[in-house]
Amino acid sequence: MALQRTHALLLFLLLTLLGLGLVQPSYGQDRMYQRFLRQHVDPDVTGGNDGYCNLVMQRRKMTSHQCKRFNTFIHEDLWSIHRICRTANIQCKNGQMNCHEGVVKVTDCRETGSSRAPNCRYRAKARTRRVVIACEGNPEVPVHFDK
């Protein structure tokens, strides 16, 4: 009897946490969020140069098998990026309506075209610009950099 009460209490607690959005229900979504962070978020830097792009792209495993042609790093704290997910929904490039836009500090890294993996070479452009990110979940978290 006590064991049934314990199970019922644990189930109630889990459902409550899910309802409050404190537990992420999807492993796939969490994996996409972690990938987004690895590929696009660098809050400790205000802007990068070519050397920054060359180093960070390699460290974050985006040059292992082939050179990723283009990548953007967002230089804002996580809370600022999460706030973008609370703006009005707009259409993504794939037609879905789960994208959101905001203005942030970024470094765009563009592959020079003359390098080969794993020694990829990039040109950097640091600036403040409008970005579009796709968000999913409850609460919504960024899972894809759309443009």
# chains A, B, ... in the order shown; residues from 1 in each chain; ligands from 1

call {"tool": "residues_around", "arguments": {"residues": "Cys99 of chain A", "least_positions_apart": "4", "cutoff": "9 Å", "atoms": "only C-alpha atoms", "output": "list in words"}}
result
Cys85, Ala88, Asn89, Ile90, Gln91, Cys92, Lys93, Val132, Ile133, Ala134, Cys135, His144 and Asp146 of chain A

call {"tool": "residues_around", "arguments": {"residues": "Val41 of chain A", "least_positions_apart": "5", "cutoff": "8 Å", "atoms": "only C-alpha atoms", "output": "list in words"}}
result
Phe36, Phe73, Ile74, His75 and Glu76 of chain A

call {"tool": "residues_around", "arguments": {"residues": "Arg130 of chain A", "least_positions_apart": "2", "cutoff": "8 Å", "atoms": "only C-alpha atoms", "output": "list of chain:residue names"}}
result
A:Glu101, A:Gly102, A:Val103, A:Val104, A:Thr128, A:Val132

call {"tool": "residues_around", "arguments": {"residues": "Leu78 of chain A", "least_positions_apart": "3", "cutoff": "10 Å", "atoms": "only C-alpha atoms", "output": "PyMOL selection string"}}
result
chain A and resi 37+41-43+74-75+81-83+142

call {"tool": "write_last_selection", "arguments": {"atoms": "N, CA, C and O atoms", "output": "tab-separated table (two decimals), in the first residue's frame"}}
result
chain	number	residue	atom	x	y	z
A	37	LEU	N	23.37	24.86	-29.32
A	37	LEU	CA	24.32	25.55	-28.44
A	37	LEU	C	25.75	25.36	-28.93
A	37	LEU	O	26.54	26.31	-29.00
A	41	VAL	N	26.30	29.16	-30.32
A	41	VAL	CA	26.30	30.06	-29.16
A	41	VAL	C	27.70	30.16	-28.56
A	41	VAL	O	28.33	29.16	-28.24
A	42	ASP	N	28.18	31.40	-28.42
A	42	ASP	CA	29.47	31.68	-27.78
A	42	ASP	C	29.33	33.01	-27.04
A	42	ASP	O	29.77	34.06	-27.53
A	43	PRO	N	28.73	32.98	-25.84
A	43	PRO	CA	28.42	34.22	-25.13
A	43	PRO	C	29.63	34.94	-24.56
A	43	PRO	O	29.55	36.12	-24.24
A	74	ILE	N	26.42	33.25	-32.14
A	74	ILE	CA	25.70	34.33	-31.45
A	74	ILE	C	26.46	34.66	-30.17
A	74	ILE	O	26.76	33.76	-29.38
A	75	HIS	N	26.74	35.95	-29.97
A	75	HIS	CA	27.50	36.39	-28.79
A	75	HIS	C	26.57	37.11	-27.81
A	75	HIS	O	26.72	38.31	-27.56
A	81	ILE	N	19.00	34.80	-25.80
A	81	ILE	CA	18.66	33.92	-26.92
A	81	ILE	C	17.31	33.25	-26.66
A	81	ILE	O	16.47	33.16	-27.56
A	82	HIS	N	17.07	32.80	-25.43
A	82	HIS	CA	15.79	32.18	-25.09
A	82	HIS	C	14.64	33.18	-25.23
A	82	HIS	O	13.52	32.80	-25.60
A	83	ARG	N	14.91	34.46	-24.96
A	83	ARG	CA	13.87	35.49	-25.11
A	83	ARG	C	13.39	35.60	-26.56
A	83	ARG	O	12.24	35.93	-26.81
A	142	PRO	N	15.67	27.18	-28.36
A	142	PRO	CA	16.17	27.23	-29.73
A	142	PRO	C	16.74	25.87	-30.15
A	142	PRO	O	17.48	25.25	-29.40
